[in-house]
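Below is structure_38.txt, which holds compact mmCIF, C-alpha atoms.
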```
# COMPACT_ATOMS: atom_id res chain seq x y z
CA MET A 1 94.51 76.85 122.54
CA ASP A 2 97.23 75.99 120.05
CA THR A 3 99.27 79.14 119.41
CA SER A 4 102.17 77.67 117.44
CA TRP A 5 101.15 79.78 114.42
CA LEU A 6 101.55 82.87 116.58
CA GLN A 7 104.96 81.78 117.79
CA LYS A 8 106.07 81.29 114.19
CA ALA A 9 104.68 84.67 113.20
CA GLU A 10 106.40 86.41 116.10
CA ALA A 11 109.68 84.86 115.00
CA ILE A 12 109.52 86.72 111.67
CA SER A 13 111.82 89.73 111.81
CA MET A 14 111.26 92.74 109.56
CA SER A 15 115.01 93.18 109.31
CA ASP A 16 115.01 90.15 107.01
CA TYR A 17 112.75 91.94 104.51
CA HIS A 18 114.83 95.00 103.77
CA TYR A 19 116.92 95.64 100.70
CA GLU A 20 118.88 98.64 99.43
CA LEU A 21 116.83 100.85 97.12
CA ALA A 22 118.72 103.81 95.73
CA ASP A 23 116.67 106.89 94.89
CA GLU A 24 117.64 106.68 91.22
CA LYS A 25 115.89 103.29 91.00
CA ILE A 26 112.54 104.88 91.90
CA ALA A 27 110.52 105.89 88.82
CA LYS A 28 109.52 109.53 89.37
CA TYR A 29 107.43 109.61 86.18
CA PRO A 30 105.66 106.94 84.11
CA LEU A 31 106.71 105.80 80.67
CA SER A 32 105.01 107.59 77.78
CA GLU A 33 103.44 104.27 76.72
CA ARG A 34 101.98 102.34 79.63
CA ASP A 35 102.41 98.83 78.22
CA GLN A 36 106.07 99.27 77.26
CA SER A 37 107.24 98.74 80.81
CA LYS A 38 109.46 95.78 81.63
CA LEU A 39 107.81 92.60 82.91
CA LEU A 40 109.76 90.23 85.16
CA VAL A 41 108.29 86.73 85.01
CA PHE A 42 108.85 84.34 87.92
CA SER A 43 107.65 80.78 87.37
CA GLU A 44 108.78 77.44 88.82
CA GLY A 45 111.81 79.04 90.41
CA ARG A 46 113.06 80.66 87.20
CA ILE A 47 113.13 84.27 86.07
CA HIS A 48 112.92 85.67 82.58
CA HIS A 49 112.16 89.07 81.14
CA GLN A 50 109.46 90.39 78.86
CA LEU A 51 107.62 93.56 77.94
CA PHE A 52 104.28 94.13 79.61
CA SER A 53 102.62 94.32 76.20
CA ASN A 54 103.37 90.59 75.91
CA LEU A 55 101.64 89.73 79.19
CA GLY A 56 99.19 87.41 77.43
CA GLU A 57 102.03 85.05 76.51
CA GLN A 58 102.72 84.48 80.21
CA ILE A 59 99.18 83.58 81.30
CA PRO A 60 97.37 80.31 80.51
CA SER A 61 94.15 80.49 78.54
CA ALA A 62 90.89 80.47 80.53
CA THR A 63 92.51 82.37 83.40
CA LEU A 64 90.43 84.90 85.31
CA LEU A 65 92.16 88.22 85.97
CA VAL A 66 90.68 90.31 88.77
CA PHE A 67 91.20 94.08 88.75
CA ASN A 68 90.63 96.77 91.36
CA ASP A 69 88.49 99.42 89.63
CA THR A 70 88.86 102.13 92.27
CA ARG A 71 89.55 105.65 91.02
CA VAL A 72 91.91 108.03 92.81
CA ILE A 73 90.19 111.19 93.99
CA PRO A 74 91.90 114.58 94.43
CA ALA A 75 92.02 113.86 98.14
CA ARG A 76 94.65 116.44 99.15
CA ALA A 77 93.15 119.86 99.93
CA ARG A 78 94.89 123.03 101.13
CA PHE A 79 93.21 125.72 103.22
CA VAL A 80 94.95 129.03 103.93
CA LYS A 81 94.25 130.80 107.21
CA PRO A 82 94.06 134.61 107.38
CA THR A 83 97.49 134.47 109.05
CA GLY A 84 98.90 132.80 105.91
CA ALA A 85 99.36 129.41 107.55
CA VAL A 86 98.59 126.55 105.16
CA ILE A 87 96.58 123.64 106.57
CA GLU A 88 96.68 120.52 104.41
CA LEU A 89 93.93 117.91 104.69
CA LEU A 90 94.19 114.44 103.21
CA LEU A 91 90.85 112.66 103.06
CA LEU A 92 91.15 109.16 104.51
CA HIS A 93 87.67 107.74 105.09
CA PRO A 94 84.10 109.01 105.55
CA GLU A 95 82.54 108.96 109.01
CA LYS A 96 79.10 110.63 108.72
CA PRO A 97 76.39 110.35 107.58
CA THR A 98 77.73 107.10 106.03
CA ARG A 99 80.96 105.12 106.08
CA ILE A 100 80.27 103.66 102.62
CA ILE A 101 82.70 105.53 100.37
CA ASN A 102 80.66 105.25 97.17
CA ASP A 103 77.65 106.74 98.99
CA ALA A 104 79.70 109.38 100.81
CA MET A 105 80.79 110.82 97.47
CA LEU A 106 77.15 111.63 96.72
CA GLU A 107 76.41 113.54 99.93
CA THR A 108 75.27 117.16 99.64
CA GLN A 109 75.83 120.22 101.83
CA THR A 110 77.72 118.51 104.67
CA CYS A 111 79.69 115.40 105.63
CA VAL A 112 82.38 114.28 108.08
CA TRP A 113 85.65 112.61 107.07
CA GLY A 114 88.61 111.26 108.96
CA CYS A 115 91.66 113.15 107.69
CA MET A 116 95.40 113.35 107.92
CA ILE A 117 96.04 116.95 108.95
CA GLY A 118 99.23 118.73 107.98
CA ASN A 119 100.31 121.69 110.16
CA LYS A 120 97.65 120.78 112.71
CA LYS A 121 99.38 122.80 115.43
CA ARG A 122 98.38 125.94 113.53
CA TRP A 123 94.70 124.97 113.30
CA LYS A 124 92.99 125.09 116.66
CA GLN A 125 89.41 124.64 117.76
CA PRO A 126 86.98 126.29 117.06
CA ASP A 127 88.55 127.92 113.97
CA THR A 128 86.75 127.36 110.66
CA LEU A 129 88.68 127.23 107.40
CA SER A 130 87.06 128.33 104.13
CA VAL A 131 87.92 128.19 100.43
CA PRO A 132 85.96 129.76 97.53
CA LEU A 133 85.48 127.41 94.56
CA THR A 134 84.09 127.65 91.06
CA ILE A 135 82.01 124.71 89.84
CA GLU A 136 80.56 124.92 86.34
CA GLY A 137 80.72 128.70 86.47
CA ARG A 138 79.06 128.91 89.89
CA SER A 139 80.65 130.28 93.05
CA VAL A 140 80.67 127.81 95.94
CA VAL A 141 82.26 128.21 99.36
CA ILE A 142 83.40 125.14 101.30
CA SER A 143 84.29 125.36 104.97
CA ALA A 144 86.08 122.91 107.25
CA SER A 145 85.80 122.67 111.03
CA TYR A 146 86.64 120.05 113.60
CA HIS A 147 83.99 117.43 114.28
CA ASP A 148 86.36 115.56 116.60
CA TYR A 149 89.71 117.23 117.24
CA GLU A 150 91.37 114.22 118.86
CA GLN A 151 90.26 111.78 116.15
CA ASN A 152 91.14 114.15 113.27
CA GLN A 153 87.55 114.09 112.07
CA VAL A 154 86.67 117.12 109.96
CA GLN A 155 83.21 118.40 109.07
CA PHE A 156 82.87 119.88 105.60
CA GLU A 157 80.00 122.19 104.68
CA TRP A 158 79.24 123.91 101.38
CA ASP A 159 76.56 126.30 100.20
CA SER A 160 75.28 124.43 97.17
CA GLU A 161 73.54 121.22 96.13
CA ASP A 162 76.71 119.87 94.53
CA VAL A 163 77.68 116.36 95.61
CA PHE A 164 80.85 115.96 97.65
CA LEU A 165 82.71 114.35 94.75
CA ASP A 166 82.27 117.54 92.69
CA ILE A 167 83.47 119.60 95.65
CA VAL A 168 86.54 117.41 95.99
CA LYS A 169 87.33 117.67 92.28
CA ALA A 170 87.17 121.45 92.46
CA LEU A 171 89.07 121.70 95.75
CA GLY A 172 91.78 119.08 95.82
CA GLU A 173 94.68 117.54 93.98
CA ILE A 174 95.82 113.97 93.34
CA PRO A 175 97.97 112.83 96.30
CA LEU A 176 101.08 111.27 94.83
CA PRO A 177 103.04 108.78 96.93
CA PRO A 178 105.43 110.57 99.32
CA TYR A 179 108.46 108.66 98.04
CA LEU A 180 108.25 110.42 94.66
CA HIS A 181 109.42 113.61 96.39
CA ARG A 182 107.72 115.91 93.90
CA GLU A 183 104.59 117.97 93.54
CA THR A 184 101.59 116.68 91.61
CA GLU A 185 101.58 117.78 87.97
CA GLU A 186 98.68 118.12 85.56
CA GLU A 187 99.62 114.95 83.68
CA ASP A 188 99.36 112.90 86.89
CA LYS A 189 95.58 113.33 86.76
CA ILE A 190 95.67 110.90 83.82
CA THR A 191 98.78 108.81 84.35
CA TYR A 192 98.06 108.06 88.03
CA GLN A 193 94.78 106.35 87.11
CA THR A 194 94.21 102.96 85.54
CA VAL A 195 92.41 103.00 82.20
CA TYR A 196 89.58 100.98 83.78
CA ALA A 197 89.16 103.12 86.94
CA LYS A 198 85.47 103.54 87.70
CA GLN A 199 84.61 103.88 91.41
CA ASP A 200 85.77 107.15 93.01
CA GLY A 201 87.25 106.92 96.48
CA ALA A 202 90.96 105.96 96.62
CA VAL A 203 93.79 108.16 97.86
CA ALA A 204 96.36 105.97 96.10
CA ALA A 205 96.23 104.15 92.77
CA PRO A 206 96.25 100.34 92.46
CA THR A 207 99.49 100.77 90.57
CA ALA A 208 99.87 97.26 89.16
CA GLY A 209 97.04 98.18 86.82
CA LEU A 210 98.74 101.29 85.42
CA HIS A 211 100.47 99.18 82.73
CA PHE A 212 97.23 97.94 81.12
CA THR A 213 96.09 99.40 77.79
CA GLN A 214 93.26 98.49 75.46
CA ASN A 215 95.82 96.68 73.30
CA VAL A 216 96.82 94.48 76.24
CA PHE A 217 93.17 93.74 77.06
CA ASP A 218 92.49 92.80 73.44
CA ARG A 219 95.44 90.41 73.29
CA LEU A 220 94.43 88.79 76.57
CA ALA A 221 90.83 88.33 75.40
CA LYS A 222 92.04 86.45 72.32
CA LYS A 223 93.42 83.78 74.68
CA ASP A 224 90.05 83.35 76.38
CA ILE A 225 91.36 85.21 79.43
CA THR A 226 88.44 86.85 81.23
CA PHE A 227 88.21 89.90 83.47
CA GLU A 228 86.33 90.73 86.66
CA TYR A 229 86.45 93.71 88.99
CA VAL A 230 86.47 94.35 92.71
CA THR A 231 86.58 97.75 94.39
CA LEU A 232 89.04 98.36 97.21
CA HIS A 233 89.48 102.06 97.91
CA VAL A 234 93.20 102.22 98.61
CA GLY A 235 94.02 104.21 101.75
CA ALA A 236 97.07 106.14 102.87
CA GLY A 237 98.00 103.17 105.07
CA THR A 238 99.42 101.52 101.96
CA PHE A 239 102.46 103.82 102.32
CA GLN A 240 102.84 103.33 106.07
CA PRO A 241 106.26 101.83 106.85
CA VAL A 242 106.55 98.94 109.26
CA LYS A 243 108.23 100.54 112.29
CA VAL A 244 108.33 97.46 114.51
CA ASP A 245 110.54 94.42 114.12
CA SER A 246 107.84 91.90 115.00
CA VAL A 247 105.22 91.73 112.24
CA THR A 248 102.36 90.90 114.59
CA GLU A 249 102.75 94.28 116.28
CA HIS A 250 102.24 96.27 113.07
CA LYS A 251 98.91 98.09 112.86
CA MET A 252 97.02 97.37 109.63
CA HIS A 253 94.51 100.03 108.63
CA SER A 254 91.07 98.83 107.62
CA GLU A 255 90.10 99.30 103.98
CA GLN A 256 86.67 99.11 102.41
CA VAL A 257 85.96 96.56 99.67
CA VAL A 258 82.92 96.12 97.41
CA TYR A 259 82.16 92.78 95.72
CA SER A 260 79.51 92.05 93.09
CA ARG A 261 77.48 88.87 92.77
CA GLN A 262 78.94 88.43 89.28
CA LEU A 263 82.45 88.41 90.71
CA VAL A 264 81.56 85.73 93.26
CA THR A 265 80.00 83.45 90.64
CA SER A 266 83.01 83.92 88.33
CA LEU A 267 85.37 83.02 91.17
CA ILE A 268 83.47 79.78 91.75
CA ALA A 269 83.68 78.92 88.07
CA LYS A 270 87.40 79.73 87.80
CA SER A 271 88.53 78.81 91.31
CA GLU A 272 91.77 77.18 90.12
CA ARG A 273 92.76 79.84 87.56
CA ILE A 274 92.56 83.17 89.37
CA VAL A 275 95.24 85.86 89.10
CA PRO A 276 94.71 89.22 90.80
CA VAL A 277 96.14 92.39 89.31
CA GLY A 278 97.85 94.10 92.22
CA THR A 279 98.18 93.50 95.92
CA THR A 280 94.89 95.29 96.64
CA SER A 281 93.01 92.85 94.40
CA LEU A 282 94.81 89.93 96.02
CA ARG A 283 93.95 91.08 99.55
CA SER A 284 90.36 91.69 98.46
CA LEU A 285 89.98 88.17 97.09
CA GLU A 286 91.60 86.47 100.05
CA SER A 287 89.44 88.57 102.40
CA LEU A 288 86.34 87.44 100.54
CA PHE A 289 87.30 83.82 101.12
CA TRP A 290 87.70 84.44 104.85
CA TYR A 291 84.36 86.18 105.02
CA GLY A 292 82.82 83.00 103.64
CA VAL A 293 84.59 81.09 106.42
CA LYS A 294 83.05 83.47 108.96
CA LEU A 295 79.59 82.92 107.46
CA LEU A 296 80.00 79.16 107.74
CA GLN A 297 80.40 79.67 111.48
CA GLU A 298 77.92 82.52 111.92
CA PRO A 299 75.41 82.93 109.03
CA ASP A 300 75.01 86.70 109.49
CA ALA A 301 78.51 87.62 110.63
CA PRO A 302 79.59 91.21 109.94
CA PHE A 303 82.13 91.59 107.15
CA LEU A 304 85.32 92.56 108.95
CA ILE A 305 88.46 90.50 108.44
CA GLU A 306 90.85 91.24 111.30
CA LYS A 307 94.52 91.32 110.42
CA LEU A 308 95.43 87.89 111.87
CA TYR A 309 92.07 86.16 111.49
CA PRO A 310 93.19 83.51 108.92
CA TYR A 311 96.26 82.14 110.66
CA PRO A 312 94.76 79.82 113.30
CA PHE A 313 92.83 78.01 110.54
CA PHE A 314 96.03 76.87 108.86
CA GLU A 315 96.61 74.50 111.79
CA LYS A 316 93.05 73.45 112.58
CA GLY A 317 91.73 73.15 108.99
CA VAL A 318 90.39 75.43 106.27
CA PRO A 319 87.05 75.03 104.42
CA THR A 320 87.24 74.61 100.66
CA VAL A 321 86.98 77.56 98.29
CA LYS A 322 83.62 76.37 97.00
CA GLU A 323 82.25 75.94 100.52
CA SER A 324 83.33 79.48 101.42
CA LEU A 325 82.02 81.14 98.26
CA ALA A 326 78.76 79.18 98.41
CA ALA A 327 78.22 80.61 101.91
CA ILE A 328 78.66 84.09 100.49
CA LEU A 329 76.14 83.49 97.70
CA ASP A 330 73.72 82.09 100.26
CA TYR A 331 74.16 85.23 102.37
CA MET A 332 73.53 87.43 99.33
CA ASP A 333 70.44 85.40 98.40
CA ARG A 334 68.98 85.58 101.92
CA HIS A 335 69.46 89.35 102.01
CA SER A 336 68.56 90.00 98.33
CA LEU A 337 71.94 91.58 97.63
CA ASP A 338 73.67 92.12 94.30
CA GLU A 339 76.80 93.36 96.06
CA ILE A 340 78.34 93.24 99.50
CA VAL A 341 80.54 95.80 101.23
CA GLY A 342 83.20 94.70 103.69
CA GLU A 343 86.14 95.95 105.72
CA THR A 344 89.47 94.18 105.76
CA GLU A 345 92.67 94.51 107.76
CA ILE A 346 94.08 91.24 106.40
CA PHE A 347 97.84 91.01 106.89
CA ILE A 348 99.55 88.56 104.56
CA PHE A 349 103.07 87.55 105.53
CA PRO A 350 105.20 84.37 105.18
CA GLY A 351 103.23 81.43 106.51
CA TYR A 352 99.98 82.54 104.90
CA GLN A 353 98.28 79.88 102.75
CA PHE A 354 96.64 81.40 99.69
CA GLN A 355 93.12 80.26 98.95
CA LEU A 356 91.96 82.03 95.79
CA CYS A 357 95.08 83.34 94.08
CA GLN A 358 97.46 81.31 91.93
CA GLY A 359 99.69 84.19 90.98
CA LEU A 360 100.03 87.95 91.12
CA ILE A 361 100.71 90.81 88.73
CA THR A 362 102.44 93.52 90.73
CA ASN A 363 105.04 96.29 90.73
CA PHE A 364 108.18 96.36 92.87
CA HIS A 365 107.59 97.53 96.43
CA GLN A 366 109.32 99.50 99.15
CA PRO A 367 111.90 97.79 101.37
CA GLY A 368 110.60 96.53 104.68
CA SER A 369 106.96 97.06 103.73
CA THR A 370 103.86 94.95 104.26
CA LEU A 371 103.80 94.41 100.51
CA ILE A 372 107.27 92.85 100.53
CA LEU A 373 105.95 90.46 103.18
CA LEU A 374 103.02 89.62 100.92
CA VAL A 375 105.34 88.89 97.99
CA ALA A 376 107.52 86.72 100.25
CA ALA A 377 104.42 84.81 101.35
CA LEU A 378 103.61 84.15 97.70
CA VAL A 379 107.02 83.13 96.32
CA GLY A 380 109.00 82.18 99.43
CA PRO A 381 112.70 83.06 99.88
CA ALA A 382 112.94 83.68 96.12
CA TRP A 383 111.57 87.18 96.74
CA ARG A 384 115.10 88.40 97.38
CA THR A 385 116.45 86.87 94.17
CA ILE A 386 113.58 88.47 92.26
CA TYR A 387 114.35 91.89 93.71
CA ASP A 388 118.13 91.55 93.30
CA THR A 389 117.57 90.58 89.67
CA ALA A 390 115.24 93.51 89.06
CA LEU A 391 117.76 95.93 90.56
CA SER A 392 120.66 94.51 88.53
CA GLN A 393 118.58 94.63 85.32
CA ASP A 394 117.65 98.29 85.85
CA TYR A 395 113.97 97.77 86.47
CA ARG A 396 112.12 100.89 87.55
CA PHE A 397 110.68 100.62 91.07
CA LEU A 398 107.51 101.59 92.96
CA SER A 399 104.28 103.21 91.74
CA TYR A 400 105.37 104.45 88.32
CA GLY A 401 107.85 101.62 87.86
CA ASP A 402 107.97 98.33 85.99
CA SER A 403 105.94 95.19 86.57
CA SER A 404 106.18 91.50 87.38
CA ILE A 405 104.06 88.39 87.22
CA LEU A 406 104.78 86.02 90.08
CA TRP A 407 103.42 82.48 90.20
CA ARG A 408 102.70 81.05 93.62
CA GLN A 409 105.03 78.73 95.50
CA THR A 410 104.06 76.46 98.43
CA ALA A 411 103.50 78.72 101.44
CA ARG A 412 105.63 78.11 104.51
CA PHE A 413 107.19 80.08 107.32
CA ILE A 414 110.68 81.22 106.30
```
Please re-express this file's structure in structure tokens.
Amino acid sequence: MDTSWLQKAEAISMSDYHYELADEKIAKYPLSERDQSKLLVFSEGRIHHQLFSNLGEQIPSATLLVFNDTRVIPARARFVKPTGAVIELLLLHPEKPTRIINDAMLETQTCVWGCMIGNKKRWKQPDTLSVPLTIEGRSVVISASYHDYEQNQVQFEWDSEDVFLDIVKALGEIPLPPYLHRETEEEDKITYQTVYAKQDGAVAAPTAGLHFTQNVFDRLAKKDITFEYVTLHVGAGTFQPVKVDSVTEHKMHSEQVVYSRQLVTSLIAKSERIVPVGTTSLRSLESLFWYGVKLLQEPDAPFLIEKLYPYPFFEKGVPTVKESLAAILDYMDRHSLDEIVGETEIFIFPGYQFQLCQGLITNFHQPGSTLILLVAALVGPAWRTIYDTALSQDYRFLSYGDSSILWRQTARFI
């Protein structure tokens, strides 16, 4: 088996994807007007600067923008033991009775979730934690106990017919990114959501979309720019630093993605003019392509894109976009589906060859992160010039920071 792609990947060192990010460059709060953020534009090797409100001037007419319409849930919950010890639970993903996040939000009376558990050493089996809540004037008690201690799976039970989403809204708070180094405030409930958020289930916002306003959408529509939506429920893994020097050793957490038939047909129609809004949208679209490749080989293959699945194809040959997406429509037709749900671990780093995405609207990311690798895969070595320029021009970084639109360069290992 030819493994030259693997040798090239193993030669990539994370130390080459670090840069100095001073704390004062990190935006701790958003601007009062979302679309007044700065917009760095990278195209054909050149950089210029705009306001995000003028985004439409930087995108050709008839482009398809794809947004992630996930909504951040108040996924951080605190339980206080009789001893006074505070146990913090961060909801990560549902386990039982369903792993489908949209469905899990509608469960009643009991469910099991995988959690990140703060102060776990103070919460032993078989202790049960309880919190009294008030929902629409009614008293509800929710309890938490271990379903699987080793796997950090927690069983929640509550004494009402309320759906789990209502329980979460009454119990939890919005989990801000750890690098903001501040507590969640009331205003974050609004500002840490996109204006088009619809599907509850994320523990982190798709922050590239935070800059969009109705005014921006209206101006884009006047240029015959169209919009479609995918749902990727962003997990806590998005903040996980890369702790190994070799990229192939980094563990990518699986994330759940939901695609509609309408999205697939729009992608076929606009296959050469697709720009995702945010890295989650980009990974969703590229994962969809690779699922089509799987279906071409196995007509009923399960939808799981392993982190390195695409790379061998870049040396042995890749099906066309229309072949891949046609396989997906065929699968949906055979199974009478209007939407498909998949899992993806896709890891995009330099050497990746983009299939569906011609550019990317995105914020500025943490040093040495998987998202820096994704940007480097898209624009090549120019990523460092882009980031140096943004730092020197006082751009605001990370989730509440400024934005960029990056047009794709030829992918190669660097």
Could I get the residues of segment 25-136 of chain A with an atom no further than 7 Å from an atom of segment 153-169 of chain A, each paired with its nearest atom pair and that distance in Å to one decimal, using only C-alpha atoms, sorted by chain and residue number, as CSV?
```
residue,atom,partner,partner_atom,distance
A:Pro74,CA,A:Lys169,CA,5.9
A:Ala75,CA,A:Val168,CA,6.9
A:Met105,CA,A:Leu165,CA,4.9
A:Leu106,CA,A:Val163,CA,4.9
A:Glu107,CA,A:Val163,CA,5.3
A:Thr108,CA,A:Val163,CA,4.8
A:Gln109,CA,A:Trp158,CA,5.0
A:Thr110,CA,A:Glu157,CA,4.3
A:Cys111,CA,A:Phe156,CA,5.5
A:Val112,CA,A:Gln155,CA,4.3
A:Trp113,CA,A:Val154,CA,5.5
A:Gly114,CA,A:Gln153,CA,4.3
A:Cys115,CA,A:Gln153,CA,6.1
```
- Restricting to only C-alpha atoms, whichever of A:His93, A:Arg78, A:His253, A:His181 is closest to Leu304 of chain A is A:His253
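In this comparison, which uses only C-alpha atoms, the residue of A:Pro299, A:Gly292, A:Pro94, A:Gly342 approaching Glu323 of chain A most closely is A:Gly292.
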- Please provide the set of residues having any atom within 10 Å of Glu24 of chain A, restricted to all atoms listed in the file, with same-chain residues fewer than 6 positions apart removed, written as an NGL selection string. :A and (394 or 396-397)
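For Tyr352 of chain A, the residues within 7 Å (counting all atoms listed in the file, excluding itself and residues fewer than 3 positions away along the chain) are Tyr311, Ile348, Phe349, Ala377 and Ala411 of chain A.
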Output C-alpha atoms of each residue in that selection to a file, as a CSV table (one decimal), in the frame of the given file.
```
chain,number,residue,atom,x,y,z
A,311,TYR,CA,96.3,82.1,110.7
A,348,ILE,CA,99.6,88.6,104.6
A,349,PHE,CA,103.1,87.6,105.5
A,377,ALA,CA,104.4,84.8,101.4
A,411,ALA,CA,103.5,78.7,101.4
```
- Item | Which of A:Asn54, A:Asp103, A:Thr63, A:Arg122 sits closest to Lys81 of chain A [using only C-alpha atoms] | A:Arg122
- Atomic distance atom CA of Thr280 of chain A - atom CA of Leu325 of chain A, expressed in Å with one decimal: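 Between these atoms lies a distance of 19.2 Å.
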- Contact residues around Lys223 of chain A with only C-alpha atoms at 10 Å, ignoring same-chain residues under 5 positions, as a count of residues only: 8
- Message: With all atoms listed in the file as the counted atoms, please give the residues lying no more than 8 Å from Leu263 of chain A, apart from itself and same-chain residues fewer than 6 positions off, as a PyMOL selection string.
- Response: chain A and resi 228-230
- Query: So which residues touch Pro367 of chain A within 9 Å, counting all atoms listed in the file, skipping near sequence neighbours fewer than 4 positions away, as a list in words?
  - Reply: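 Selected residues are Tyr17, His18, Tyr19, Glu20, Leu21, Pro241, Leu371 and Ile372 of chain A.
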- Distance atom CA of Ser404 of chain A-atom CA of Ala382 of chain A, one decimal place? 13.5 Å
- What does the distance between atom CA of Leu295 of chain A and atom CA of Ile328 of chain A come to in Å, to one decimal place? 7.1 Å
- Task: List every protein, DNA or RNA residue with an atom no more than 12 Å from (91.2, 105.9, 94.9) in the file's coordinates, counting all atoms listed in the file, and format the result as a ChimeraX atom specification.
- Result: /A:68-76,91-93,101-102,105,165,174-176,189,192-194,197-207,231-236,238,255-257,280
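Closest approach to Phe52 of chain A among A:Ser37, A:Leu65, A:Leu285, A:Leu406 is made by A:Ser37 (distances from only C-alpha atoms).
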- Which protein, DNA or RNA residues have an atom at most 9 Å from (96.4, 82.6, 100.7), counting only C-alpha atoms? List them as number ranges by chain. A: 282-283, 286, 310, 348, 352-358, 377-378, 411
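Among the candidates A:Pro82, A:Ser4, A:Thr226, A:Gln409, the residue lying nearest to Phe313 of chain A is A:Ser4 (atoms considered: all atoms listed in the file).
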- Point out the residue among A:Glu187, A:Leu180, A:Thr279, A:Val258 with the least atom-to-atom distance to Asp23 of chain A, counting all atoms listed in the file. A:Leu180
Got a minute to add N, CA, C and O atoms to segment 7-19 of chain A and dump it as an mmCIF file, in the coordinates of the input?
```cif
data_model
loop_
_atom_site.group_PDB
_atom_site.id
_atom_site.type_symbol
_atom_site.label_atom_id
_atom_site.label_comp_id
_atom_site.auth_asym_id
_atom_site.auth_seq_id
_atom_site.Cartn_x
_atom_site.Cartn_y
_atom_site.Cartn_z
ATOM 1 N N GLN A 7 103.542 81.838 117.486
ATOM 2 C CA GLN A 7 104.960 81.780 117.790
ATOM 3 C C GLN A 7 105.801 81.883 116.518
ATOM 4 O O GLN A 7 106.827 82.565 116.490
ATOM 5 N N LYS A 8 105.346 81.206 115.464
ATOM 6 C CA LYS A 8 106.070 81.290 114.190
ATOM 7 C C LYS A 8 106.007 82.694 113.618
ATOM 8 O O LYS A 8 106.992 83.214 113.084
ATOM 9 N N ALA A 9 104.825 83.313 113.716
ATOM 10 C CA ALA A 9 104.680 84.670 113.200
ATOM 11 C C ALA A 9 105.557 85.649 113.964
ATOM 12 O O ALA A 9 106.189 86.541 113.374
ATOM 13 N N GLU A 10 105.593 85.503 115.290
ATOM 14 C CA GLU A 10 106.400 86.410 116.100
ATOM 15 C C GLU A 10 107.889 86.239 115.848
ATOM 16 O O GLU A 10 108.678 87.138 116.140
ATOM 17 N N ALA A 11 108.268 85.094 115.296
ATOM 18 C CA ALA A 11 109.680 84.860 115.000
ATOM 19 C C ALA A 11 110.122 85.540 113.710
ATOM 20 O O ALA A 11 111.320 85.627 113.427
ATOM 21 N N ILE A 12 109.175 86.023 112.911
ATOM 22 C CA ILE A 12 109.520 86.720 111.670
ATOM 23 C C ILE A 12 110.041 88.106 112.021
ATOM 24 O O ILE A 12 109.399 88.869 112.736
ATOM 25 N N SER A 13 111.196 88.439 111.531
ATOM 26 C CA SER A 13 111.820 89.730 111.810
ATOM 27 C C SER A 13 111.788 90.603 110.564
ATOM 28 O O SER A 13 112.197 90.172 109.477
ATOM 29 N N MET A 14 111.326 91.835 110.707
ATOM 30 C CA MET A 14 111.260 92.740 109.560
ATOM 31 C C MET A 14 112.638 93.046 108.994
ATOM 32 O O MET A 14 112.769 93.388 107.825
ATOM 33 N N SER A 15 113.658 92.900 109.808
ATOM 34 C CA SER A 15 115.010 93.180 109.310
ATOM 35 C C SER A 15 115.404 92.238 108.175
ATOM 36 O O SER A 15 116.308 92.542 107.390
ATOM 37 N N ASP A 16 114.715 91.104 108.086
ATOM 38 C CA ASP A 16 115.010 90.150 107.010
ATOM 39 C C ASP A 16 114.320 90.524 105.699
ATOM 40 O O ASP A 16 114.513 89.841 104.688
ATOM 41 N N TYR A 17 113.525 91.580 105.704
ATOM 42 C CA TYR A 17 112.750 91.940 104.510
ATOM 43 C C TYR A 17 113.076 93.349 104.034
ATOM 44 O O TYR A 17 112.257 94.033 103.437
ATOM 45 N N HIS A 18 114.317 93.735 104.288
ATOM 46 C CA HIS A 18 114.830 95.000 103.770
ATOM 47 C C HIS A 18 115.792 94.725 102.621
ATOM 48 O O HIS A 18 116.402 93.662 102.536
ATOM 49 N N TYR A 19 115.912 95.678 101.743
ATOM 50 C CA TYR A 19 116.920 95.640 100.700
ATOM 51 C C TYR A 19 117.303 97.083 100.394
ATOM 52 O O TYR A 19 116.588 98.022 100.762
#
```
